[in-house]
$ cat input-v8.txt   # compact mmCIF, C-alpha atoms
# COMPACT_ATOMS: atom_id res chain seq x y z
CA ASP A 1 -112.57 200.01 228.68
CA ALA A 2 -115.21 197.30 228.86
CA GLU A 3 -117.61 197.64 231.73
CA ILE A 4 -120.94 196.66 233.21
CA THR A 5 -123.39 199.38 234.17
CA GLN A 6 -126.60 199.29 236.16
CA SER A 7 -129.45 201.77 236.28
CA PRO A 8 -130.96 203.25 238.23
CA ARG A 9 -128.44 203.25 241.05
CA HIS A 10 -131.14 204.16 243.55
CA LYS A 11 -134.89 203.63 243.31
CA ILE A 12 -137.76 204.10 245.73
CA THR A 13 -141.09 202.57 244.78
CA GLU A 14 -144.36 201.51 246.33
CA THR A 15 -145.69 198.05 247.02
CA GLY A 16 -147.41 196.56 244.00
CA ARG A 17 -145.64 198.63 241.37
CA GLN A 18 -143.66 197.10 238.54
CA VAL A 19 -139.98 197.92 238.59
CA THR A 20 -137.28 197.21 236.03
CA LEU A 21 -133.57 197.37 236.79
CA ALA A 22 -131.32 197.66 233.78
CA CYS A 23 -127.97 195.96 233.26
CA HIS A 24 -125.71 196.59 230.29
CA GLN A 25 -122.29 195.08 229.70
CA THR A 26 -119.71 195.80 227.02
CA TRP A 27 -117.50 192.78 227.76
CA ASN A 28 -119.36 190.75 225.12
CA HIS A 29 -119.86 188.04 227.73
CA ASN A 30 -122.45 185.37 227.04
CA ASN A 31 -123.17 184.79 230.73
CA MET A 32 -125.04 187.30 232.86
CA PHE A 33 -126.40 187.08 236.40
CA TRP A 34 -128.57 188.96 238.84
CA TYR A 35 -127.89 188.77 242.57
CA ARG A 36 -129.42 190.41 245.59
CA GLN A 37 -127.36 191.33 248.62
CA ASP A 38 -128.89 191.37 252.07
CA LEU A 39 -127.31 191.60 255.49
CA GLY A 40 -126.51 188.18 256.85
CA HIS A 41 -127.13 186.43 253.54
CA GLY A 42 -124.23 187.42 251.33
CA LEU A 43 -125.17 187.38 247.65
CA ARG A 44 -128.01 185.20 246.44
CA LEU A 45 -128.64 184.34 242.80
CA ILE A 46 -131.96 185.51 241.35
CA HIS A 47 -131.73 184.66 237.64
CA TYR A 48 -129.02 183.95 235.14
CA SER A 49 -128.56 183.67 231.40
CA TYR A 50 -126.01 181.77 229.34
CA GLY A 51 -126.85 183.52 226.09
CA VAL A 52 -129.45 185.31 224.01
CA HIS A 53 -132.96 183.99 224.67
CA ASP A 54 -131.66 181.78 227.49
CA THR A 55 -132.87 182.47 231.05
CA ASN A 56 -132.78 180.34 234.18
CA LYS A 57 -134.05 180.62 237.73
CA GLY A 58 -131.67 180.98 240.61
CA GLU A 59 -132.25 180.25 244.27
CA VAL A 60 -134.48 183.29 244.99
CA SER A 61 -136.36 183.83 241.73
CA ASP A 62 -139.93 184.19 243.03
CA GLY A 63 -141.35 187.60 242.12
CA TYR A 64 -138.63 188.35 239.56
CA SER A 65 -138.26 187.84 235.82
CA VAL A 66 -135.58 188.48 233.21
CA SER A 67 -135.37 188.47 229.45
CA ARG A 68 -132.33 188.34 227.18
CA SER A 69 -132.90 189.75 223.71
CA ASN A 70 -129.25 190.61 223.01
CA THR A 71 -125.81 189.87 224.40
CA GLU A 72 -125.34 193.19 226.17
CA ASP A 73 -128.49 193.52 228.28
CA LEU A 74 -130.26 191.56 231.00
CA PRO A 75 -133.04 193.63 232.58
CA LEU A 76 -134.51 192.43 235.87
CA THR A 77 -138.24 193.02 236.40
CA LEU A 78 -140.16 192.93 239.64
CA GLU A 79 -143.73 192.37 238.47
CA SER A 80 -145.36 193.57 241.70
CA ALA A 81 -142.83 194.93 244.15
CA ALA A 82 -143.01 193.76 247.76
CA SER A 83 -141.29 195.15 250.86
CA SER A 84 -139.30 191.91 251.09
CA GLN A 85 -137.65 192.90 247.82
CA THR A 86 -135.99 195.92 249.37
CA SER A 87 -132.35 195.11 248.74
CA VAL A 88 -129.24 195.95 246.80
CA TYR A 89 -129.19 194.27 243.42
CA PHE A 90 -126.03 193.39 241.54
CA CYS A 91 -125.68 192.43 237.93
CA ALA A 92 -122.63 190.39 236.91
CA SER A 93 -121.22 188.79 233.81
CA SER A 94 -118.63 186.14 233.05
CA TRP A 95 -116.67 185.01 230.01
CA SER A 96 -117.37 181.33 230.56
CA SER A 97 -120.07 179.18 232.06
CA ASN A 98 -117.29 177.11 233.66
CA THR A 99 -115.96 179.77 235.98
CA GLY A 100 -116.92 181.60 239.14
CA GLU A 101 -114.92 184.62 238.01
CA LEU A 102 -117.53 187.35 237.73
CA PHE A 103 -117.45 190.99 236.74
CA PHE A 104 -119.89 193.08 238.76
CA GLY A 105 -121.80 196.28 238.25
CA GLU A 106 -121.93 198.85 241.04
CA GLY A 107 -125.35 197.85 242.24
CA SER A 108 -128.87 199.20 242.33
CA ARG A 109 -130.37 200.00 245.72
CA LEU A 110 -134.12 199.40 245.68
CA THR A 111 -136.44 200.46 248.46
CA VAL A 112 -140.05 199.25 248.41
CA LEU A 113 -142.37 201.21 250.70
CA ALA B 1 -123.73 170.01 248.55
CA GLN B 2 -121.66 173.16 248.40
CA SER B 3 -121.18 175.78 251.06
CA VAL B 4 -118.86 178.50 252.25
CA THR B 5 -118.29 179.57 255.84
CA GLN B 6 -116.55 182.81 256.64
CA LEU B 7 -115.59 182.37 260.23
CA ASP B 8 -115.61 186.03 261.23
CA SER B 9 -118.26 188.59 260.35
CA HIS B 10 -116.01 191.45 261.50
CA VAL B 11 -112.24 191.73 261.80
CA SER B 12 -110.46 194.76 263.19
CA VAL B 13 -106.72 195.33 262.75
CA SER B 14 -104.33 198.22 263.23
CA GLU B 15 -102.72 199.79 260.21
CA GLY B 16 -99.42 198.06 259.45
CA THR B 17 -100.35 194.78 261.17
CA PRO B 18 -101.16 191.49 259.43
CA VAL B 19 -104.60 190.63 258.12
CA LEU B 20 -106.16 187.16 258.33
CA LEU B 21 -109.68 186.52 257.00
CA ARG B 22 -110.78 182.93 257.40
CA CYS B 23 -112.80 180.85 254.97
CA ASN B 24 -113.78 177.19 255.00
CA TYR B 25 -115.62 175.52 252.18
CA SER B 26 -117.47 172.34 251.37
CA SER B 27 -117.83 170.92 247.88
CA SER B 28 -118.58 167.53 246.37
CA TYR B 29 -116.51 168.40 243.32
CA SER B 30 -113.13 169.89 242.60
CA PRO B 31 -113.82 173.53 243.33
CA SER B 32 -112.41 176.81 242.24
CA LEU B 33 -112.12 179.35 245.02
CA PHE B 34 -112.19 183.12 244.93
CA TRP B 35 -111.93 186.13 247.16
CA TYR B 36 -113.80 189.28 246.20
CA VAL B 37 -113.57 192.71 247.81
CA GLN B 38 -116.41 195.22 248.07
CA HIS B 39 -115.75 198.82 249.00
CA PRO B 40 -118.69 200.87 250.31
CA ASN B 41 -121.38 201.50 247.70
CA LYS B 42 -119.41 199.64 245.06
CA GLY B 43 -119.68 196.35 243.24
CA LEU B 44 -117.55 193.32 244.02
CA GLN B 45 -114.07 193.14 242.55
CA LEU B 46 -112.02 189.99 242.14
CA LEU B 47 -109.07 189.91 244.53
CA LEU B 48 -107.64 186.50 243.68
CA LYS B 49 -108.60 183.03 242.50
CA TYR B 50 -107.54 179.40 242.91
CA THR B 51 -108.26 177.10 239.98
CA SER B 52 -106.24 173.93 240.74
CA ALA B 53 -102.79 175.29 239.91
CA ALA B 54 -100.44 176.56 242.65
CA THR B 55 -101.99 176.30 246.10
CA LEU B 56 -100.57 179.67 247.19
CA VAL B 57 -102.30 182.33 245.18
CA LYS B 58 -101.24 185.95 244.96
CA GLY B 59 -103.77 188.65 244.24
CA ILE B 60 -103.98 192.37 243.91
CA ASN B 61 -102.93 194.89 246.57
CA GLY B 62 -100.58 192.47 248.34
CA PHE B 63 -103.21 189.91 249.31
CA GLU B 64 -102.66 186.20 249.05
CA ALA B 65 -104.50 183.01 249.96
CA GLU B 66 -103.52 179.41 250.44
CA PHE B 67 -105.69 176.52 249.33
CA LYS B 68 -105.48 173.71 251.90
CA LYS B 69 -107.49 170.74 250.72
CA SER B 70 -106.93 168.69 253.89
CA GLU B 71 -108.38 171.51 255.96
CA THR B 72 -110.93 172.63 253.33
CA SER B 73 -109.74 176.17 253.91
CA PHE B 74 -108.87 179.16 251.78
CA HIS B 75 -107.81 181.89 254.20
CA LEU B 76 -106.94 185.35 252.93
CA THR B 77 -103.86 187.11 254.30
CA LYS B 78 -101.89 190.29 253.91
CA PRO B 79 -98.66 191.07 255.77
CA SER B 80 -99.42 194.70 256.49
CA ALA B 81 -102.85 196.34 256.49
CA HIS B 82 -103.42 199.67 254.83
CA MET B 83 -106.28 202.07 255.50
CA SER B 84 -107.53 201.49 251.95
CA ASP B 85 -108.04 197.79 252.75
CA ALA B 86 -111.09 198.63 254.87
CA ALA B 87 -113.90 196.90 252.99
CA GLU B 88 -116.04 193.78 252.97
CA TYR B 89 -114.50 190.56 251.72
CA PHE B 90 -116.35 187.61 250.26
CA CYS B 91 -115.08 184.07 249.90
CA VAL B 92 -116.64 182.23 246.96
CA VAL B 93 -116.63 178.58 245.89
CA SER B 94 -117.48 177.50 242.37
CA ALA B 95 -117.85 173.98 240.99
CA ASN B 96 -119.39 172.33 237.97
CA SER B 97 -122.39 170.34 239.10
CA GLY B 98 -124.26 168.42 236.42
CA GLY B 99 -123.29 170.80 233.62
CA TYR B 100 -124.15 173.86 235.67
CA GLN B 101 -121.53 176.06 237.32
CA LYS B 102 -122.74 176.56 240.87
CA VAL B 103 -121.31 179.65 242.54
CA THR B 104 -121.78 180.07 246.30
CA PHE B 105 -120.90 183.22 248.22
CA GLY B 106 -119.98 183.45 251.87
CA ILE B 107 -121.83 186.04 253.93
CA GLY B 108 -118.83 188.35 254.03
CA THR B 109 -116.23 189.62 256.50
CA LYS B 110 -116.07 193.30 257.19
CA LEU B 111 -112.49 194.46 257.69
CA GLN B 112 -111.89 197.53 259.79
CA VAL B 113 -108.42 199.12 259.75
CA ILE B 114 -107.59 201.32 262.71
CA PRO B 115 -105.08 204.13 262.17
$ encode --input "input-v8.txt" --output "structure tokens"
Amino acid sequence: DAEITQSPRHKITETGRQVTLACHQTWNHNNMFWYRQDLGHGLRLIHYSYGVHDTNKGEVSDGYSVSRSNTEDLPLTLESAASSQTSVYFCASSWSSNTGELFFGEGSRLTVL
Amino acid sequence: AQSVTQLDSHVSVSEGTPVLLRCNYSSSYSPSLFWYVQHPNKGLQLLLKYTSAATLVKGINGFEAEFKKSETSFHLTKPSAHMSDAAEYFCVVSANSGGYQKVTFGIGTKLQVIP
């Protein structure tokens, strides 16, 4: 079955370190997204990509970057982790850029000390 | 502008009684509307979607929602709650805005089911 997987599922790091969260999907979807989930905020869009070599900023992109070198992967990098980036991160994909129907990974819980 | 308001942050029901999770939306365009469910330590899963066809939408696990344009609402219902329905539910609005599909999540409603 097609799926979307995230790794690591749990990560503890220190302020200032670089962290990369991996996302891999086997749906062959062109569109991929990174969200963060925080209490009282729901899900907020960090970055998204509509295809290979395409990346775009979402509403909370400061301190994060992504790159898309193939269809299957969209890694999220925190260049210099901050305590405010402690959160649960979700990767998602969709089959069309004209839909809000998203397929989600199981999340990566990041703690920045 | 586009927004979603989930009117209750927590809802508690007894097993076997009806469930009502309320959602109001605002959109300048013709929106699509979704409900997602998130079980503890899991990703979000699509429960049902409205995309301008029938206004009463049936989803998985006996849930349904009715799109009411005049009230800008998309409330989620289920006739009889089951223990396995305990989860967090997110209402989502999606609309094409200037060639970009804007997706906005509500802050979630946590459903507790009491045995």
$ closest_atom_pairs --input "input-v8.txt" --of "chain B" --to "chain A" --cutoff "7 Å" --atoms "all atoms listed in the file" --output "Markdown table"
| residue | atom | partner | partner_atom | distance |
| --- | --- | --- | --- | --- |
| B:Lys42 | CA | A:Glu106 | CA | 4.8 |
| B:Gly43 | CA | A:Glu106 | CA | 4.0 |
| B:Leu44 | CA | A:Phe104 | CA | 5.8 |
| B:Gln45 | CA | A:Phe104 | CA | 6.9 |
| B:Ser94 | CA | A:Gly100 | CA | 5.2 |
| B:Asn96 | CA | A:Asn98 | CA | 6.8 |
| B:Gln101 | CA | A:Asn98 | CA | 5.7 |
| B:Val103 | CA | A:Gly100 | CA | 5.9 |
| B:Phe105 | CA | A:Leu43 | CA | 6.0 |
| B:Gly106 | CA | A:Gly42 | CA | 5.8 |
| B:Ile107 | CA | A:Gly42 | CA | 3.8 |
| B:Gly108 | CA | A:Gly42 | CA | 6.1 |
$ closest_residue --input "input-v8.txt" --among "A:Ser65, A:Pro8, A:Val60, A:Glu79" --to "A:Arg36" --atoms "all atoms listed in the file"
A:Val60
$ atom_distance --input "input-v8.txt" --atom1 "atom CA of A:Asn70" --atom2 "atom CA of A:Lys57"
18.4 Å
$ atom_distance --input "input-v8.txt" --atom1 "atom CA of B:Val93" --atom2 "atom CA of B:Ala53"
15.4 Å
$ closest_residue --input "input-v8.txt" --among "A:Val112, A:Val19, A:Leu76, A:Ile12" --to "A:Tyr35" --atoms "all atoms listed in the file"
A:Leu76
$ closest_residue --input "input-v8.txt" --among "A:Asp62, A:Phe33, A:Thr86, A:Thr26" --to "A:Asp1" --atoms "only C-alpha atoms"
A:Thr26
$ residues_near_point --input "input-v8.txt" --point "(-117.0, 166.1, 245.2)" --cutoff "12 Å" --atoms "only C-alpha atoms" --output "list of chain:residue names"
B:Ala1, B:Gln2, B:Tyr25, B:Ser26, B:Ser27, B:Ser28, B:Tyr29, B:Ser30, B:Pro31, B:Lys69, B:Ser94, B:Ala95, B:Asn96, B:Ser97, B:Gly98
$ residues_around --input "input-v8.txt" --residues "stretch 71-73 of chain B" --least-positions-apart "4" --cutoff "10 Å" --atoms "all atoms listed in the file" --output "list in words"
Val4, Thr5, Gln6, Arg22, Cys23, Asn24, Tyr25, Ser26, Ser27, Leu33, Ala65, Glu66 and Phe67 of chain B
$ write_last_selection --input "input-v8.txt" --atoms "C-alpha atoms" --output "PDB file, in the frame of the given file"
ATOM      1  CA  VAL B   4    -118.860 178.500 252.250  1.00  0.00           C
ATOM      2  CA  THR B   5    -118.290 179.570 255.840  1.00  0.00           C
ATOM      3  CA  GLN B   6    -116.550 182.810 256.640  1.00  0.00           C
ATOM      4  CA  ARG B  22    -110.780 182.930 257.400  1.00  0.00           C
ATOM      5  CA  CYS B  23    -112.800 180.850 254.970  1.00  0.00           C
ATOM      6  CA  ASN B  24    -113.780 177.190 255.000  1.00  0.00           C
ATOM      7  CA  TYR B  25    -115.620 175.520 252.180  1.00  0.00           C
ATOM      8  CA  SER B  26    -117.470 172.340 251.370  1.00  0.00           C
ATOM      9  CA  SER B  27    -117.830 170.920 247.880  1.00  0.00           C
ATOM     10  CA  LEU B  33    -112.120 179.350 245.020  1.00  0.00           C
ATOM     11  CA  ALA B  65    -104.500 183.010 249.960  1.00  0.00           C
ATOM     12  CA  GLU B  66    -103.520 179.410 250.440  1.00  0.00           C
ATOM     13  CA  PHE B  67    -105.690 176.520 249.330  1.00  0.00           C
TER      14      PHE B  67
END
$ residues_near_point --input "input-v8.txt" --point "(-108.6, 202.4, 262.6)" --cutoff "7 Å" --atoms "only C-alpha atoms" --output "list in words"
Ser14, Glu15, Gln112, Val113, Ile114 and Pro115 of chain B
$ closest_residue --input "input-v8.txt" --among "A:Thr15, A:Ser94, A:Thr111, A:Asn31" --to "A:Asn56" --atoms "all atoms listed in the file"
A:Asn31
$ atom_distance --input "input-v8.txt" --atom1 "atom CA of A:Leu78" --atom2 "atom CA of A:Arg17"
8.1 Å
$ closest_residue --input "input-v8.txt" --among "A:Ser93, A:Leu74, A:Gln85, A:Trp27" --to "A:Ser7" --atoms "only C-alpha atoms"
A:Leu74
$ residues_around --input "input-v8.txt" --residues "B:Trp35" --least-positions-apart "3" --cutoff "7 Å" --atoms "all atoms listed in the file" --output "ChimeraX atom specification"
/B:46-49,89-92
$ axis_aligned_box --input "input-v8.txt" --around "stretch 13-19 of chain A" --padding-each-side "5 Å" --output "AutoDock Vina command-line options"
--center_x -143.7 --center_y 199.6 --center_z 242.8 --size_x 17.4 --size_y 16.0 --size_z 18.5
$ build_atoms --input "input-v8.txt" --residues "stretch 81-92 of chain A" --atoms "all heavy atoms" --output "tab-separated table (two decimals), in the coordinates of the input"
chain	number	residue	atom	x	y	z
A	81	ALA	N	-143.84	194.80	243.10
A	81	ALA	CA	-142.83	194.93	244.15
A	81	ALA	C	-143.42	194.71	245.55
A	81	ALA	O	-144.53	195.15	245.86
A	81	ALA	CB	-142.18	196.30	244.07
A	82	ALA	N	-142.64	194.02	246.37
A	82	ALA	CA	-143.01	193.76	247.76
A	82	ALA	C	-141.92	194.30	248.68
A	82	ALA	O	-140.76	194.42	248.26
A	82	ALA	CB	-143.18	192.26	247.99
A	83	SER	N	-142.27	194.59	249.93
A	83	SER	CA	-141.29	195.15	250.86
A	83	SER	C	-140.11	194.20	251.07
A	83	SER	O	-138.98	194.64	251.32
A	83	SER	CB	-141.95	195.49	252.19
A	83	SER	OG	-142.57	194.35	252.75
A	84	SER	N	-140.37	192.90	250.93
A	84	SER	CA	-139.30	191.91	251.09
A	84	SER	C	-138.27	191.99	249.97
A	84	SER	O	-137.21	191.36	250.06
A	84	SER	CB	-139.89	190.50	251.13
A	84	SER	OG	-140.60	190.25	249.93
A	85	GLN	N	-138.58	192.74	248.93
A	85	GLN	CA	-137.65	192.90	247.82
A	85	GLN	C	-136.79	194.15	247.95
A	85	GLN	O	-136.00	194.46	247.06
A	85	GLN	CB	-138.41	192.90	246.49
A	85	GLN	CG	-139.07	191.56	246.20
A	85	GLN	CD	-139.91	191.57	244.94
A	85	GLN	OE1	-140.78	192.43	244.73
A	85	GLN	NE2	-139.66	190.59	244.06
A	86	THR	N	-136.93	194.84	249.06
A	86	THR	CA	-135.99	195.92	249.37
A	86	THR	C	-134.61	195.31	249.55
A	86	THR	O	-134.42	194.42	250.40
A	86	THR	CB	-136.42	196.65	250.65
A	86	THR	OG1	-137.64	197.35	250.41
A	86	THR	CG2	-135.35	197.63	251.11
A	87	SER	N	-133.65	195.76	248.76
A	87	SER	CA	-132.35	195.11	248.74
A	87	SER	C	-131.41	195.91	247.84
A	87	SER	O	-131.80	196.90	247.22
A	87	SER	CB	-132.50	193.68	248.21
A	87	SER	OG	-131.28	192.97	248.31
A	88	VAL	N	-130.18	195.46	247.80
A	88	VAL	CA	-129.24	195.95	246.80
A	88	VAL	C	-129.06	194.86	245.76
A	88	VAL	O	-128.78	193.70	246.10
A	88	VAL	CB	-127.88	196.32	247.42
A	88	VAL	CG1	-126.95	196.87	246.34
A	88	VAL	CG2	-128.06	197.36	248.53
A	89	TYR	N	-129.22	195.24	244.51
A	89	TYR	CA	-129.19	194.27	243.42
A	89	TYR	C	-127.92	194.46	242.59
A	89	TYR	O	-127.56	195.58	242.23
A	89	TYR	CB	-130.42	194.44	242.52
A	89	TYR	CG	-131.69	194.04	243.22
A	89	TYR	CD1	-132.40	194.95	244.01
A	89	TYR	CD2	-132.18	192.74	243.13
A	89	TYR	CE1	-133.55	194.58	244.68
A	89	TYR	CE2	-133.34	192.35	243.79
A	89	TYR	CZ	-134.01	193.28	244.57
A	89	TYR	OH	-135.16	192.90	245.23
A	90	PHE	N	-127.25	193.36	242.33
A	90	PHE	CA	-126.03	193.39	241.54
A	90	PHE	C	-126.18	192.55	240.28
A	90	PHE	O	-126.64	191.40	240.34
A	90	PHE	CB	-124.84	192.86	242.34
A	90	PHE	CG	-124.37	193.81	243.39
A	90	PHE	CD1	-124.79	193.68	244.70
A	90	PHE	CD2	-123.51	194.86	243.06
A	90	PHE	CE1	-124.37	194.57	245.68
A	90	PHE	CE2	-123.07	195.75	244.03
A	90	PHE	CZ	-123.50	195.60	245.34
A	91	CYS	N	-125.78	193.14	239.19
A	91	CYS	CA	-125.68	192.43	237.93
A	91	CYS	C	-124.22	192.02	237.75
A	91	CYS	O	-123.31	192.76	238.16
A	91	CYS	CB	-126.13	193.33	236.79
A	91	CYS	SG	-126.10	192.56	235.17
A	92	ALA	N	-124.00	190.86	237.15
A	92	ALA	CA	-122.63	190.39	236.91
A	92	ALA	C	-122.59	189.66	235.58
A	92	ALA	O	-123.62	189.20	235.07
A	92	ALA	CB	-122.18	189.47	238.04
